[in-house]
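To keep things clear, I will list the structure first and then write my remarks on it.
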Amino acid sequence: MDALTALVAGLVASLRTALAADVCPGGWPWAVTVLGIGVGLLPTAGAVLVAVLRKRIGSRYGAGESVLIVLAGVVGAGLLPLAVFNATGRVFRAVALGREVDGLTSDQLADLGTTVCFTPQSAYLGGYTVAAAFDPSYPVRFGLAVVLLVGFPLVAAVCVATQARLALRRGPSWPAKFFWVPLLVLTLLTGRTPAGSTGHLWIGVAIGAFLGIAVVLTVGTPPREVVRRSLAAPAPAPRQPPRMESMRPPVAARRPPAPAGPQTSLADRLARRFAARQPEPPVVIPQPRTASAHQPPPRPLAQSPRGPSGPRPTLVAPSPPAGAGAPRFRLIRRLGSGGFGRVWLAHDARLGHPVALKAAHAPDPETEERIRREARALVAVRHPHCVRIHDLLPATADPGLRELDGLVIVMEYVEGAPLGDLVRTRGPLDDITAARVWVGLAGALGAAHSRGVLHRDVKPGNVVVDQAGLAHLIDFGIARKTGDSTLTMAGFVLGTPDFLAPEVACGERATPASDSWQLAATISYALTGHPPRGGHPDAVSGLRAAATGAPLSHLPPRSAHLNLLRAAMDTDPRRRPQLRAVQSTLEEWLRRAGKRPDGPVGAGAPAR
């Protein structure tokens, strides 16, 4: 510390020589102020280091990068300024006590003893301490202390915080506090230093921190391509659970990803890797397995008629048909094709009303068991905006299902139109209507997530608006097969690319935050008529845009929900608000607008 004290004394003496004019309170105090400007640029050096580093690493901070960024802030804005403040205080305290100081000549010591305003410069700079300056019995001293030792530190902290936020643009901003917090802590750690020298140092620090903003601005922001690449690069791939050999496709049938040569783009490599990935298991509530090696025939799922307080659905044995060979189901018309088979409208004689039948083809016992597990989990989901499952049975169990094969899922039939068709035929929704849809579907997803079930394919086509204007979430991803047309490529289908969350497109496992992203993308489409990343001519280009974190270029600019949409579609799943928070925010917004959250989406939708 003696060497540092001598160095600081020499620096102040050199600055005093350069400042020939003796302006009140004297040349030495203003020399200390100029030294403070240099101290104020120390946090700027740390911010510049961070800005330069982020031009290489983008917006994903690993452990090493995080430690380096934190050290840049703590050292540049805390430790180094503290060392200079203490060394400067020791210099002028020694001069005030009449001691010799290394780095100052006898002529300079004599110059320090001269009086420019009201007191010798040595006494002004090295007299009472910072703590003693806040004595209300000396009003003038107290007022100066508030201005110099409180006001200027706050200004400096604001400027340093601005520098840090500029250095962290287009990325996580949490390291910013490691710049301005140490600078504020400095005001507490300098309580025993002389008030005069410390006050003039703070004047210089505030000036230097303000000038440092322009310095950080000249460095610029990380290129968008670097940011996208860093966000698209997944963390270490999650360990895949062990799989049955029967579930693995033959080696010859799998297309290995092409080698990433110098001409292969990152997006192409991500698309190939997504295409070659193994199917991930369904996300369901664990069900107990029987110990017997031979599984009994599957028992159908059934539940009591729908009601607000009806009994919980249970597994029951099928009731006998009304007559010998009398079919339970009568197929009416085909509604379409899902990811795992055909979808039919049928009349259920047991329930006494129309139902939707989905034929889930199971190529092996393992897939059949997966379908049963997810159906058991979904039958427990009870929400007015979520289509319910009534039953699960093999197609061979009923003569009316002879046109189907595999397992048949009996679901609630919603007579209405998909949200995507309504937007295309009637135009985008207004903010009130969109908020009601968002609230209802967020509640439906929340109910499913509480049962351990993910949807994994939330999109406008999977939202049906019934005749009463109520939006329903349909088509949960039960046992989707390889080669689903929504991606037109090998691999397990996790959603339509234009509405796919970035982390899922990069190969990471789907989570509730992924469903939340897709729901926000669906609402954005309802408000604009376009997917949030814009449309793409084919599935591969849509997947490439999702995997590289393409900007959200088609958000509704005049919507009251714009900020909430941006937050819900953040590229980082950890920063997205939870569905319950989104639902509460929208309900409060509707109440302030004088509207009911459970109102209809619109006039009766045309039947499909």
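Chains: A, B, ... in order of the structure tokens. Residues: from 1 per chain. Ligands: from 1, in order shown.
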Residue set, segment 76-239 of chain A restricted to alpha helix (DSSP H), as a CSV table (one decimal) with C-alpha atoms, in the first residue's frame:
chain,number,residue,atom,x,y,z
A,80,LEU,CA,-9.8,-0.5,-7.9
A,81,PRO,CA,-11.7,2.7,-7.0
A,82,LEU,CA,-11.6,1.7,-3.3
A,83,ALA,CA,-7.9,1.3,-3.4
A,84,VAL,CA,-7.4,4.8,-5.1
A,85,PHE,CA,-9.9,6.5,-2.6
A,86,ASN,CA,-8.0,5.0,0.4
A,87,ALA,CA,-4.5,5.9,-1.0
A,88,THR,CA,-5.6,9.5,-1.7
A,89,GLY,CA,-7.0,9.8,1.8
A,90,ARG,CA,-3.7,8.6,3.3
A,91,VAL,CA,-1.7,11.1,1.3
A,92,PHE,CA,-3.6,14.2,2.4
A,93,ARG,CA,-4.2,13.0,6.0
A,94,ALA,CA,-0.4,12.7,6.3
A,95,VAL,CA,0.1,16.2,4.8
A,96,ALA,CA,-2.5,17.7,7.2
A,106,SER,CA,9.2,20.0,0.0
A,107,ASP,CA,8.1,22.7,-2.4
A,108,GLN,CA,4.9,20.8,-3.1
A,109,LEU,CA,4.3,20.3,0.6
A,110,ALA,CA,4.8,24.0,1.1
A,111,ASP,CA,2.3,24.7,-1.8
A,112,LEU,CA,-0.2,22.5,-0.1
A,121,GLN,CA,-5.4,23.3,1.0
A,122,SER,CA,-3.8,20.6,3.1
A,123,ALA,CA,-6.4,21.1,5.9
A,124,TYR,CA,-9.3,21.2,3.3
A,125,LEU,CA,-8.2,18.0,1.7
A,126,GLY,CA,-7.0,16.0,4.7
A,130,VAL,CA,-16.5,11.6,5.7
A,131,ALA,CA,-18.4,10.4,8.8
A,132,ALA,CA,-17.7,13.6,10.7
A,133,ALA,CA,-18.9,15.7,7.7
A,139,PRO,CA,-25.0,23.3,8.5
A,140,VAL,CA,-22.5,24.4,5.8
A,141,ARG,CA,-20.4,21.3,6.2
A,142,PHE,CA,-23.5,19.1,6.3
A,143,GLY,CA,-24.9,20.6,3.1
A,144,LEU,CA,-21.6,20.2,1.2
A,145,ALA,CA,-21.4,16.6,2.4
A,146,VAL,CA,-24.9,15.8,1.1
A,152,PHE,CA,-22.4,12.8,-6.9
A,153,PRO,CA,-22.1,9.1,-6.0
A,154,LEU,CA,-25.7,8.6,-7.0
A,155,VAL,CA,-25.1,10.3,-10.4
A,156,ALA,CA,-22.0,8.1,-10.9
A,157,ALA,CA,-23.9,5.0,-10.0
A,158,VAL,CA,-26.7,5.8,-12.6
A,159,CYS,CA,-24.1,6.4,-15.3
A,160,VAL,CA,-22.2,3.2,-14.5
A,161,ALA,CA,-25.5,1.3,-14.5
A,162,THR,CA,-26.2,2.8,-18.0
A,163,GLN,CA,-22.8,1.7,-19.2
A,164,ALA,CA,-23.4,-1.9,-18.0
A,165,ARG,CA,-26.9,-2.1,-19.7
A,166,LEU,CA,-25.4,-0.8,-22.9
A,167,ALA,CA,-22.7,-3.4,-22.7
A,177,LYS,CA,-25.9,-5.0,-10.8
A,178,PHE,CA,-22.3,-6.1,-10.3
A,179,PHE,CA,-21.2,-2.7,-11.7
A,180,TRP,CA,-23.4,-0.1,-10.0
A,181,VAL,CA,-23.8,-1.9,-6.6
A,182,PRO,CA,-20.1,-2.0,-5.8
A,183,LEU,CA,-19.9,1.7,-6.6
A,184,LEU,CA,-22.6,2.5,-4.1
A,185,VAL,CA,-21.0,0.2,-1.5
A,186,LEU,CA,-17.9,2.4,-2.0
A,187,THR,CA,-19.7,5.3,-0.2
A,188,LEU,CA,-19.9,3.1,2.9
A,189,LEU,CA,-16.4,1.8,2.8
A,195,ALA,CA,-14.1,14.3,3.4
A,196,GLY,CA,-12.3,17.0,1.2
A,197,SER,CA,-10.3,14.6,-0.9
A,198,THR,CA,-13.1,12.1,-1.1
A,199,GLY,CA,-15.7,14.7,-2.2
A,200,HIS,CA,-13.5,15.9,-5.0
A,201,LEU,CA,-12.8,12.3,-6.1
A,202,TRP,CA,-16.6,11.7,-6.3
A,203,ILE,CA,-17.0,14.9,-8.5
A,204,GLY,CA,-14.4,13.4,-10.9
A,205,VAL,CA,-15.9,9.9,-10.8
A,206,ALA,CA,-19.3,11.2,-11.8
A,207,ILE,CA,-17.8,13.2,-14.7
A,208,GLY,CA,-15.7,10.1,-15.8
A,209,ALA,CA,-18.7,7.8,-15.6
A,210,PHE,CA,-20.8,10.2,-17.7
A,211,LEU,CA,-18.1,10.3,-20.3
A,212,GLY,CA,-17.8,6.6,-20.2
A,213,ILE,CA,-21.3,6.2,-21.6
A,214,ALA,CA,-20.1,7.5,-25.0
A,215,VAL,CA,-17.1,5.2,-24.8
A,216,VAL,CA,-19.2,2.1,-24.4
A,217,LEU,CA,-21.6,3.2,-27.2
A,218,THR,CA,-18.7,3.3,-29.6
A,219,VAL,CA,-18.1,-0.5,-29.0
A,224,ARG,CA,-27.6,-10.3,-34.5
A,225,GLU,CA,-26.3,-13.4,-36.1
A,226,VAL,CA,-23.9,-14.0,-33.2
A,227,VAL,CA,-26.9,-13.5,-30.8
A,228,ARG,CA,-29.1,-16.0,-32.7
A,229,ARG,CA,-26.3,-18.5,-32.9
A,230,SER,CA,-25.7,-18.3,-29.2
A,231,LEU,CA,-29.4,-18.7,-28.4
A,232,ALA,CA,-29.9,-21.5,-30.9
Do you know which residues are at most 6 Å from segment 504-511 of chain A counting only C-alpha atoms, after dropping those on the same chain fewer than 3 positions away, and could you put them as a tab-separated table (two decimals) with C-alpha atoms, in the first residue's frame?
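And here's around.tsv as it stands now:
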chain	number	residue	atom	x	y	z
A	274	PHE	CA	-33.64	-32.43	-35.26
A	501	ALA	CA	-40.79	-22.69	-29.38
A	514	SER	CA	-42.82	-24.37	-24.50
A	546	ALA	CA	-37.46	-21.43	-35.14
A	547	ALA	CA	-34.10	-23.05	-34.31
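Running DSSP on the backbone and keeping only strand (DSSP E), the residues of segment 442-545 of chain A that qualify are Val463, Val464, Val465, Asp466, Ala471, His472 and Leu473 of chain A.
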Based on the selection just made, write C-alpha atoms of those residues as a JSON list (two decimals), in the first residue's frame.
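The resulting part13.json:
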[["chain", "number", "residue", "atom", "x", "y", "z"],
["A", 463, "VAL", "CA", -58.28, -24.24, -31.08],
["A", 464, "VAL", "CA", -61.98, -24.72, -31.94],
["A", 465, "VAL", "CA", -64.59, -22.03, -31.24],
["A", 466, "ASP", "CA", -68.03, -23.53, -30.61],
["A", 471, "ALA", "CA", -62.72, -21.59, -27.37],
["A", 472, "HIS", "CA", -61.66, -25.20, -26.81],
["A", 473, "LEU", "CA", -58.16, -26.71, -26.91]]
Contact residues around Leu401 of chain A with only C-alpha atoms at 10 Å, ignoring same-chain residues under 6 positions, as a compact mmCIF listing (two decimals) with N, CA and C atoms, in the first residue's frame:
# COMPACT_ATOMS: atom_id res chain seq x y z
N PRO A 327 -74.10 -52.45 -32.50
CA PRO A 327 -72.93 -51.59 -32.37
C PRO A 327 -73.20 -50.43 -31.42
N ARG A 328 -72.15 -50.03 -30.71
CA ARG A 328 -72.26 -48.86 -29.84
C ARG A 328 -72.09 -47.58 -30.65
N PHE A 329 -71.22 -47.60 -31.67
CA PHE A 329 -70.91 -46.40 -32.43
C PHE A 329 -71.49 -46.49 -33.84
N ARG A 330 -71.88 -45.34 -34.34
CA ARG A 330 -72.30 -45.22 -35.74
C ARG A 330 -71.53 -44.05 -36.35
N LEU A 331 -70.65 -44.36 -37.30
CA LEU A 331 -69.84 -43.33 -37.94
C LEU A 331 -70.72 -42.44 -38.80
N ALA A 346 -68.97 -39.42 -34.84
CA ALA A 346 -69.79 -40.62 -34.68
C ALA A 346 -70.83 -40.37 -33.60
N LEU A 357 -64.05 -39.48 -32.74
CA LEU A 357 -63.25 -40.71 -32.60
C LEU A 357 -61.90 -40.50 -33.29
N ALA A 359 -58.54 -42.61 -34.28
CA ALA A 359 -57.93 -43.93 -34.37
C ALA A 359 -56.43 -43.78 -34.20
N PRO A 394 -60.18 -50.79 -28.15
CA PRO A 394 -59.68 -51.25 -29.46
C PRO A 394 -60.79 -51.21 -30.49
N ALA A 395 -60.42 -50.98 -31.76
CA ALA A 395 -61.41 -50.90 -32.83
C ALA A 395 -62.16 -52.21 -33.00
N VAL A 408 -58.93 -46.74 -30.31
CA VAL A 408 -59.83 -45.64 -30.66
C VAL A 408 -60.05 -44.80 -29.41
For this session: Can you work out which one of A:Val150, A:Ala176, A:Leu19, A:Gly594 has the shortest atom-to-atom distance to Ala77 of chain A, counting only C-alpha atoms?
Result: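 Smallest distance to Ala77 of chain A is found for A:Ala176.
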